[in-house]
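Pasting structure.tsv here (TSV, C-alpha atoms (C1' of nucleotides)):
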chain	number	residue	atom	x	y	z
B	1	MET	CA	-5.92	-11.01	14.47
B	2	ILE	CA	-4.03	-7.82	15.29
B	3	ILE	CA	-3.58	-5.18	12.60
B	4	ARG	CA	-1.47	-2.02	12.66
B	5	LEU	CA	-1.95	0.91	10.32
B	6	GLY	CA	0.74	3.17	8.94
B	7	TYR	CA	1.06	5.99	6.43
B	8	VAL	CA	3.38	7.48	3.84
B	9	ALA	CA	5.92	10.30	4.10
B	10	MET	CA	4.05	13.32	5.47
B	11	ALA	CA	2.12	14.17	8.62
B	12	ILE	CA	-0.32	16.71	7.25
B	13	ASP	CA	-0.99	18.48	10.53
B	14	LEU	CA	2.70	19.11	11.20
B	15	LYS	CA	3.27	22.56	9.74
B	16	LYS	CA	6.39	23.32	7.70
B	17	CYS	CA	7.46	19.72	8.02
B	18	SER	CA	7.87	18.36	4.50
B	19	PRO	CA	10.47	15.58	4.16
B	20	SER	CA	10.41	15.96	0.35
B	21	LYS	CA	11.59	19.46	-0.40
B	22	THR	CA	13.82	19.79	-3.42
B	23	ILE	CA	15.47	22.06	-5.95
B	24	THR	CA	14.43	21.49	-9.52
B	25	TYR	CA	17.12	20.14	-11.79
B	26	LYS	CA	16.56	23.07	-14.12
B	27	THR	CA	17.21	25.62	-11.38
B	28	TYR	CA	20.18	23.68	-10.09
B	29	LYS	CA	21.76	23.74	-13.54
B	30	LYS	CA	21.44	27.51	-13.67
B	31	ILE	CA	23.65	27.95	-10.62
B	32	LYS	CA	27.22	28.69	-11.71
B	33	ASP	CA	29.19	28.48	-8.48
B	34	GLU	CA	29.92	24.98	-7.18
B	35	GLU	CA	29.94	26.08	-3.58
B	36	VAL	CA	26.50	27.61	-3.95
B	37	LYS	CA	25.23	24.42	-5.60
B	38	LEU	CA	26.52	22.30	-2.76
B	39	TYR	CA	25.18	24.68	-0.16
B	40	LYS	CA	21.68	24.48	-1.66
B	41	LEU	CA	21.70	20.69	-1.87
B	42	LYS	CA	22.89	20.31	1.71
B	43	LYS	CA	20.47	22.87	3.07
B	44	VAL	CA	17.43	21.15	1.57
B	45	ALA	CA	18.67	17.67	2.48
B	46	LYS	CA	19.28	18.66	6.08
B	47	GLN	CA	15.80	20.11	6.41
B	48	ASN	CA	14.24	16.96	4.93
B	49	ILE	CA	16.14	14.73	7.35
B	50	ILE	CA	15.27	16.91	10.34
B	51	ASN	CA	11.63	16.86	9.26
B	52	THR	CA	11.74	13.07	8.98
B	53	LYS	CA	12.95	12.97	12.56
B	54	ARG	CA	10.09	15.25	13.61
B	55	ILE	CA	7.60	13.00	11.84
B	56	LEU	CA	9.02	9.92	13.55
B	57	LEU	CA	8.62	11.63	16.92
B	58	TYR	CA	5.06	12.53	15.95
B	59	ASN	CA	4.44	8.89	15.08
B	60	VAL	CA	5.76	7.77	18.46
B	61	ALA	CA	3.52	10.31	20.21
B	62	HIS	CA	0.53	8.96	18.28
B	63	ASN	CA	1.38	5.27	18.64
B	64	ILE	CA	2.01	4.81	14.93
B	65	GLN	CA	4.71	2.23	14.29
B	66	VAL	CA	4.37	1.71	10.55
B	67	TYR	CA	5.77	4.42	8.32
B	68	ARG	CA	7.26	4.88	4.86
B	69	ILE	CA	9.93	7.52	4.43
B	70	SER	CA	9.92	9.99	1.56
B	71	SER	CA	11.80	8.81	-1.52
B	72	LYS	CA	13.12	12.35	-1.97
B	73	LEU	CA	15.12	13.01	1.18
B	74	ILE	CA	18.29	13.97	-0.65
B	75	PRO	CA	17.55	16.34	-3.55
B	76	LEU	CA	18.70	15.31	-7.03
B	77	VAL	CA	20.84	12.53	-5.58
B	78	THR	CA	19.88	10.15	-8.38
B	79	HIS	CA	20.94	12.54	-11.15
B	80	ASP	CA	24.20	11.61	-12.78
B	81	ASP	CA	25.54	15.09	-13.33
B	82	VAL	CA	24.72	16.57	-9.94
B	83	LEU	CA	27.60	17.10	-7.52
B	84	ASP	CA	28.51	14.02	-5.54
B	85	TRP	CA	28.68	14.64	-1.83
B	86	ASP	CA	28.78	12.52	1.29
B	87	TYR	CA	25.15	12.58	2.40
B	88	VAL	CA	25.84	9.59	4.65
B	89	ASN	CA	28.50	11.21	6.82
B	90	GLU	CA	27.33	14.82	6.59
B	91	PHE	CA	24.47	14.57	9.09
B	92	LYS	CA	25.70	11.83	11.40
B	93	ASP	CA	24.21	13.47	14.48
B	94	ILE	CA	20.68	13.63	13.06
B	95	TYR	CA	20.89	10.08	11.76
B	96	ARG	CA	21.97	8.96	15.22
B	97	ASP	CA	18.80	10.45	16.70
B	98	ILE	CA	16.67	8.85	14.02
B	99	LYS	CA	18.30	5.47	14.60
B	100	ARG	CA	17.61	5.71	18.29
B	101	ILE	CA	13.95	6.71	17.80
B	102	ILE	CA	13.37	3.81	15.41
B	103	LYS	CA	15.10	1.28	17.62
B	104	GLU	CA	13.69	2.34	20.97
B	105	ASN	CA	10.16	2.37	19.63
B	106	ASN	CA	10.50	-0.62	17.36
B	107	LEU	CA	9.21	1.30	14.33
B	108	ARG	CA	8.61	-0.48	11.04
B	109	VAL	CA	10.13	1.91	8.50
B	110	SER	CA	10.26	1.18	4.80
B	111	ALA	CA	10.96	2.99	1.54
B	112	HIS	CA	9.40	2.93	-1.91
B	113	PRO	CA	11.80	4.11	-4.63
B	114	ASP	CA	9.64	6.02	-7.12
B	115	HIS	CA	8.03	4.17	-10.01
B	116	TYR	CA	10.83	5.06	-12.41
B	117	THR	CA	13.00	2.52	-10.65
B	118	ILE	CA	12.71	-0.45	-12.98
B	119	ILE	CA	15.35	-3.15	-13.01
B	120	SER	CA	13.51	-5.27	-15.60
B	121	SER	CA	13.70	-2.63	-18.33
B	122	PRO	CA	15.30	-3.74	-21.62
B	123	LYS	CA	17.08	-0.38	-21.70
B	124	GLU	CA	20.52	-0.60	-20.21
B	125	ASP	CA	20.62	3.01	-19.01
B	126	VAL	CA	17.24	2.66	-17.25
B	127	VAL	CA	18.56	-0.38	-15.37
B	128	LYS	CA	21.78	1.42	-14.56
B	129	SER	CA	20.04	4.45	-13.07
B	130	SER	CA	17.60	2.17	-11.23
B	131	LEU	CA	20.54	0.43	-9.59
B	132	GLN	CA	21.90	3.81	-8.50
B	133	ILE	CA	18.52	4.72	-7.00
B	134	LEU	CA	18.44	1.39	-5.15
B	135	ASP	CA	21.94	1.95	-3.86
B	136	TYR	CA	20.94	5.36	-2.56
B	137	HIS	CA	17.92	3.90	-0.75
B	138	LYS	CA	20.08	1.16	0.73
B	139	ASN	CA	22.43	3.82	2.10
B	140	ILE	CA	19.58	5.74	3.68
B	141	MET	CA	18.21	2.58	5.26
B	142	GLU	CA	21.65	1.89	6.70
B	143	THR	CA	22.03	5.39	8.10
B	144	PHE	CA	18.65	4.89	9.77
B	145	GLY	CA	20.02	1.75	11.38
B	146	LEU	CA	17.67	-0.53	9.46
B	147	ASP	CA	19.21	-3.85	8.44
B	148	CYS	CA	18.03	-6.01	5.51
B	149	ASP	CA	15.27	-7.61	7.58
B	150	HIS	CA	13.81	-4.29	8.61
B	151	GLY	CA	14.56	-1.65	5.99
B	152	LYS	CA	12.67	-3.01	3.00
B	153	LEU	CA	12.47	-1.43	-0.44
B	154	VAL	CA	9.19	-1.80	-2.33
B	155	LEU	CA	9.44	-2.14	-6.11
B	156	HIS	CA	7.11	-2.73	-9.03
B	157	MET	CA	7.89	-5.17	-11.80
B	158	GLY	CA	7.80	-2.47	-14.50
B	159	GLY	CA	6.51	-2.30	-18.06
B	160	LYS	CA	5.27	-5.02	-20.33
B	161	TYR	CA	7.75	-4.39	-23.16
B	162	GLY	CA	5.65	-6.57	-25.42
B	163	ASP	CA	6.12	-9.77	-23.43
B	164	LYS	CA	5.47	-10.29	-19.74
B	165	ASN	CA	7.36	-13.55	-19.48
B	166	LYS	CA	10.47	-12.17	-21.09
B	167	THR	CA	10.32	-9.24	-18.69
B	168	LEU	CA	9.91	-11.54	-15.70
B	169	ASN	CA	12.94	-13.49	-16.86
B	170	ARG	CA	14.97	-10.30	-17.23
B	171	PHE	CA	13.97	-9.38	-13.69
B	172	LYS	CA	15.15	-12.77	-12.42
B	173	GLU	CA	18.47	-12.41	-14.15
B	174	ILE	CA	19.22	-8.92	-12.85
B	175	PHE	CA	17.86	-9.72	-9.40
B	176	SER	CA	20.24	-12.68	-9.10
B	177	LYS	CA	23.20	-10.43	-9.82
B	178	LEU	CA	22.27	-7.73	-7.32
B	179	ASN	CA	24.45	-6.79	-4.40
B	180	PRO	CA	23.09	-8.95	-1.51
B	181	ASP	CA	22.68	-5.85	0.67
B	182	ILE	CA	20.16	-4.56	-1.84
B	183	LYS	CA	18.71	-7.88	-2.98
B	184	LYS	CA	17.62	-8.88	0.52
B	185	ARG	CA	15.74	-5.62	0.92
B	186	ILE	CA	13.61	-5.84	-2.19
B	187	ILE	CA	9.93	-6.70	-1.93
B	188	LEU	CA	7.52	-6.67	-4.89
B	189	GLU	CA	4.14	-5.00	-5.19
B	190	ASN	CA	1.36	-5.81	-7.68
B	191	ASP	CA	0.56	-2.82	-9.91
B	192	ASP	CA	-2.71	-1.41	-11.21
B	193	LYS	CA	-2.19	-2.06	-14.92
B	194	ILE	CA	0.18	-4.85	-15.86
B	195	TYR	CA	1.57	-7.21	-13.23
B	196	GLY	CA	-1.16	-8.50	-10.97
B	197	VAL	CA	-0.92	-10.87	-8.01
B	198	SER	CA	-1.16	-13.93	-10.27
B	199	ASP	CA	1.80	-12.65	-12.35
B	200	LEU	CA	4.00	-12.03	-9.33
B	201	ILE	CA	3.24	-14.82	-6.86
B	202	ASN	CA	5.28	-17.46	-8.69
B	203	ILE	CA	8.37	-15.33	-9.13
B	204	CYS	CA	8.10	-14.20	-5.51
B	205	GLU	CA	7.98	-17.81	-4.35
B	206	ASP	CA	10.84	-18.81	-6.65
B	207	LEU	CA	13.14	-16.02	-5.52
B	208	SER	CA	11.94	-15.80	-1.90
B	209	ILE	CA	10.69	-12.25	-2.33
B	210	PRO	CA	7.85	-11.10	-0.06
B	211	LEU	CA	4.82	-9.97	-2.09
B	212	VAL	CA	3.23	-6.72	-0.99
B	213	LEU	CA	-0.44	-6.94	-1.82
B	214	ASP	CA	-1.94	-3.62	-2.87
B	215	VAL	CA	-5.68	-4.14	-2.43
B	216	HIS	CA	-6.65	-1.16	-4.59
B	217	HIS	CA	-4.31	-2.23	-7.40
B	218	HIS	CA	-5.74	-5.72	-7.26
B	219	TRP	CA	-9.22	-4.25	-7.57
B	220	CYS	CA	-8.05	-2.41	-10.73
B	221	ASN	CA	-6.02	-5.24	-12.19
B	222	ASN	CA	-6.99	-8.77	-11.18
B	223	ASN	CA	-7.32	-10.93	-14.27
B	224	GLY	CA	-10.61	-12.23	-12.85
B	225	ASP	CA	-8.84	-13.63	-9.78
B	226	ASN	CA	-10.35	-13.47	-6.31
B	227	ILE	CA	-7.92	-12.25	-3.72
B	228	GLU	CA	-9.03	-14.85	-1.18
B	229	ASP	CA	-7.57	-17.54	-3.45
B	230	TYR	CA	-4.13	-15.94	-3.17
B	231	LEU	CA	-4.01	-14.57	0.37
B	232	GLN	CA	-2.45	-17.62	1.96
B	233	ARG	CA	0.37	-17.71	-0.56
B	234	ILE	CA	0.87	-13.95	-0.32
B	235	PHE	CA	1.19	-14.08	3.45
B	236	ASP	CA	3.40	-17.17	3.20
B	237	SER	CA	5.81	-15.26	0.96
B	238	TRP	CA	6.79	-13.30	4.09
B	239	SER	CA	7.18	-16.32	6.35
B	240	LYS	CA	10.53	-17.49	5.05
B	241	GLU	CA	12.06	-14.36	6.52
B	242	LYS	CA	9.83	-14.58	9.57
B	243	LEU	CA	8.40	-11.17	8.78
B	244	LYS	CA	4.95	-9.88	9.49
B	245	PRO	CA	3.20	-9.37	6.15
B	246	LYS	CA	2.41	-5.87	5.02
B	247	ILE	CA	-0.20	-4.78	2.53
B	248	HIS	CA	-1.14	-1.45	0.93
B	249	ILE	CA	-4.60	0.00	0.86
B	250	SER	CA	-6.20	3.02	-0.76
B	251	SER	CA	-9.62	3.88	-2.14
B	252	PRO	CA	-10.44	4.72	-5.75
B	253	LYS	CA	-10.79	8.48	-6.21
B	254	SER	CA	-13.95	8.39	-8.32
B	255	GLU	CA	-15.92	6.44	-10.87
B	256	THR	CA	-13.96	8.03	-13.71
B	257	LYS	CA	-10.60	8.03	-11.93
B	258	LYS	CA	-10.61	4.52	-10.56
B	259	ARG	CA	-6.86	4.13	-10.32
B	260	ALA	CA	-6.17	7.43	-8.57
B	261	HIS	CA	-5.99	7.56	-4.78
B	262	ALA	CA	-8.83	9.17	-2.86
B	263	GLU	CA	-8.38	11.57	0.05
B	264	GLU	CA	-9.60	9.02	2.56
B	265	ILE	CA	-10.01	5.27	3.00
B	266	GLU	CA	-13.57	4.18	2.47
B	267	PHE	CA	-14.62	1.95	5.36
B	268	ASP	CA	-16.65	-0.50	3.28
B	269	PHE	CA	-13.79	-1.04	0.85
B	270	PHE	CA	-11.47	-1.62	3.79
B	271	ASN	CA	-13.87	-3.77	5.76
B	272	ASP	CA	-14.50	-5.98	2.76
B	273	PHE	CA	-10.83	-6.88	2.60
B	274	ILE	CA	-10.45	-7.37	6.36
B	275	LYS	CA	-13.28	-9.90	6.29
B	276	LYS	CA	-11.44	-11.90	3.63
B	277	ALA	CA	-8.14	-11.71	5.52
B	278	LYS	CA	-9.91	-12.88	8.68
B	279	ILE	CA	-10.21	-16.32	7.13
B	280	ILE	CA	-6.41	-16.64	7.22
B	281	ASP	CA	-6.37	-15.03	10.67
B	282	LYS	CA	-2.74	-13.89	10.66
B	283	ASP	CA	-1.45	-10.58	12.05
B	284	PHE	CA	-0.30	-8.07	9.46
B	285	ASP	CA	0.38	-4.38	8.88
B	286	ILE	CA	-1.41	-2.03	6.52
B	287	MET	CA	0.17	0.92	4.76
B	288	ILE	CA	-2.46	3.54	4.06
B	289	GLU	CA	-1.91	5.34	0.78
B	290	ALA	CA	-4.43	8.15	0.94
B	291	LYS	CA	-4.06	11.79	0.01
B	292	ASN	CA	-4.83	12.79	3.56
B	293	LYS	CA	-1.99	10.59	4.83
B	294	ASN	CA	-1.98	10.32	8.64
B	295	LEU	CA	-5.32	12.12	8.90
B	296	ALA	CA	-6.90	9.43	6.72
B	297	LEU	CA	-5.46	6.89	9.16
B	298	PHE	CA	-7.11	8.62	12.12
B	299	ASN	CA	-10.38	9.00	10.25
B	300	LEU	CA	-10.38	5.32	9.34
B	301	MET	CA	-9.74	4.39	12.98
B	302	ASN	CA	-12.73	6.55	13.93
B	303	GLU	CA	-14.89	4.59	11.52
B	304	ILE	CA	-13.52	1.30	12.80
B	305	LYS	CA	-14.44	2.31	16.36
B	306	LYS	CA	-18.10	2.40	15.37
B	307	HIS	CA	-18.14	-1.29	14.55
B	308	LYS	CA	-18.52	-3.76	17.37
B	309	GLU	CA	-16.53	-6.57	15.83
B	310	TYR	CA	-13.38	-4.40	15.95
B	311	LYS	CA	-11.54	-3.92	19.20
B	312	ILE	CA	-9.39	-0.78	19.39
B	313	ILE	CA	-5.94	-1.24	20.90
B	314	ASN	CA	-4.43	2.20	20.33
B	315	GLU	CA	-4.53	5.11	17.81
B	316	SER	CA	-3.29	2.93	14.96
B	317	THR	CA	-3.92	-0.64	16.06
B	318	PHE	CA	-7.00	-2.83	16.35
B	319	GLU	CA	-7.98	-6.42	16.79
B	320	ILE	CA	-10.66	-8.38	15.01
L	1	DT	C1'	1.91	36.28	-0.68
L	2	DC	C1'	-1.12	34.11	-3.65
L	3	DG	C1'	-2.46	31.35	-7.62
L	4	DT	C1'	-0.97	29.05	-11.76
L	5	DG	C1'	1.99	26.70	-14.55
L	6	DT	C1'	6.04	23.79	-14.55
L	7	DC	C1'	9.01	20.15	-13.10
L	8	DA	C1'	11.11	15.38	-12.72
L	9	DA	C1'	10.99	10.41	-13.97
L	10	DG	C1'	9.69	5.79	-17.73
L	11	DA	C1'	6.26	3.54	-20.22
L	12	DT	C1'	2.57	3.62	-23.19
L	13	DC	C1'	-1.01	5.51	-25.73
L	14	DT	C1'	-2.33	9.02	-29.22
L	15	DT	C1'	-1.50	12.05	-32.98
S	1	DA	C1'	8.72	10.61	-34.81
S	2	DA	C1'	6.84	13.63	-31.71
S	3	DG	C1'	3.70	14.75	-28.17
S	4	DA	C1'	0.32	13.76	-24.50
S	5	DT	C1'	-0.77	11.28	-20.45
S	6	DC	C1'	-0.18	9.23	-16.00
S	7	DT	C1'	1.43	10.68	-10.84
S	8	DT	C1'	3.04	13.52	-7.01
S	9	DG	C1'	4.46	17.33	-3.96
S	10	DA	C1'	6.73	21.19	-4.51
S	11	DC	C1'	9.29	24.55	-7.07
S	12	DA	C1'	9.30	28.90	-9.81
S	13	DC	C1'	7.49	32.87	-11.24
S	14	DG	C1'	4.28	36.55	-12.42
S	15	DA	C1'	0.68	39.32	-10.55

Now that the file is in, can you turn its structure into structure tokens?
Amino acid sequence: MIIRLGYVAMAIDLKKCSPSKTITYKTYKKIKDEEVKLYKLKKVAKQNIINTKRILLYNVAHNIQVYRISSKLIPLVTHDDVLDWDYVNEFKDIYRDIKRIIKENNLRVSAHPDHYTIISSPKEDVVKSSLQILDYHKNIMETFGLDCDHGKLVLHMGGKYGDKNKTLNRFKEIFSKLNPDIKKRIILENDDKIYGVSDLINICEDLSIPLVLDVHHHWCNNNGDNIEDYLQRIFDSWSKEKLKPKIHISSPKSETKKRAHAEEIEFDFFNDFIKKAKIIDKDFDIMIEAKNKNLALFNLMNEIKKHKEYKIINESTFEI
DNA sequence: TCGTGTCAAGATCTT
DNA sequence: AAGATCTTGACACGA
């Protein structure tokens, strides 16, 4: 069983390389001149995209193939009353480089629209803005040269709104009406409070949506279910599209802050899951969601090295 | 330049 | 009905 590790958004040891810089909405609104507004937006966006390219090159240098881009590449793009500009055609040359890096190195690049993107909300305006956010992410995936099979968008189900089943049905209805270019990209992740694996697996099977298992979320919110009873179905939810499954992992921050993400990945927590996945014995990828980002990935690999049953393949990949 | 408070978002819990 | 809380990296601003 071969497993690759990846990380989210930032490479901590790359200095001055944030892909998530922004201007606050409040500050933006204070600017009077339209040209100045546009200049600011473009300047920040360009830097974020260039930094994303730098991070991708860093990943290639460190043999990391699994990566999630920042959800804030283009500042304020999802605000309704912020100037509309052509962020797709503006930086064609940088996108071309990024496309090439991804393709030549066969990188698995995904995106996770922030948790305010909720298409199952009963509020029409929340759904409307969520669709705009999804459209933006689809555009970015396209500029990065990632088609529907490769550039996936991770979403959560959303709130409870008093009735889980009604919410699930609303999701189904809106999902069925989505633009196919967006619909085919959506994958669903279990959350840490409301929708657990057992809530999502049926709808994922019904609608052919891959289920992204978040091991930490399942630990927080599991309805008494053991993950080993669901793993086969979870992995199978990716098979229809012939995709390698991907899961998320993080460690609880502390006894009192169980849901928050810790700086690092605790080996025992990780190892415990790997042992359960070994029963299925299918290759998959793991997205590390730790505060220390790529450094947590390296530190985890260092821990893994100490254990005989793991065979190290490169800086981010091992076999068990 | 440093540290501290503020910012964005939606849902839900608390007052 | 209004406010606090959750979450996150980074802005904004005063010292």

What are the residues of chain B lining chain L at 8 Å or less? Count all atoms listed in the file, and put the answer as a PyMOL selection string. chain B and resi 24-25+115-116+159

Let's have the selection written as a JSON list (two decimals), in the frame of the given file, with C-alpha atoms.
[["chain", "number", "residue", "atom", "x", "y", "z"],
["B", 24, "THR", "CA", 14.43, 21.49, -9.52],
["B", 25, "TYR", "CA", 17.12, 20.14, -11.79],
["B", 115, "HIS", "CA", 8.03, 4.17, -10.01],
["B", 116, "TYR", "CA", 10.83, 5.06, -12.41],
["B", 159, "GLY", "CA", 6.51, -2.30, -18.06]]

Counting all atoms listed in the file, which residues in chain B sit no more than 9 Å from chain S? For each one, give the nearest pair of atoms and the distance in Å, sorted by chain then residue number, as JSON lines.
{"residue": "B:Ser20", "atom": "CA", "partner": "S:DG9", "partner_atom": "C1'", "distance": 7.5}
{"residue": "B:Lys21", "atom": "CA", "partner": "S:DA10", "partner_atom": "C1'", "distance": 6.6}
{"residue": "B:Thr22", "atom": "CA", "partner": "S:DA10", "partner_atom": "C1'", "distance": 7.3}
{"residue": "B:Ile23", "atom": "CA", "partner": "S:DC11", "partner_atom": "C1'", "distance": 6.8}
{"residue": "B:Thr24", "atom": "CA", "partner": "S:DC11", "partner_atom": "C1'", "distance": 6.5}
{"residue": "B:Thr27", "atom": "CA", "partner": "S:DA12", "partner_atom": "C1'", "distance": 8.7}
{"residue": "B:Ala260", "atom": "CA", "partner": "S:DT7", "partner_atom": "C1'", "distance": 8.6}

For a test of reading the model, state the distance in Å between atom CA of B:Ile74 and atom CA of B:Lys293, rounded to one decimal.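 Interatomic distance here is 21.3 Å.
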
What is the distance between atom CA of B:Ile249 and atom CA of B:Ile101, in Å to one decimal?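 About the pair atom CA of B:Ile249 and atom CA of B:Ile101: they are 26.0 Å apart.
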
Can you list, as a ChimeraX atom specification, every protein, DNA or RNA residue that comes within 12 Å of B:Phe175 when you count only C-alpha atoms (C1' of nucleotides), leaving out same-chain residues fewer than 5 positions away? /B:118-120,127,131,134,155,157,167-170,180-188,203-204,206-209

note - atom CA of B:Lys99 and atom CA of B:Ser71 are separated by 17.7 Å
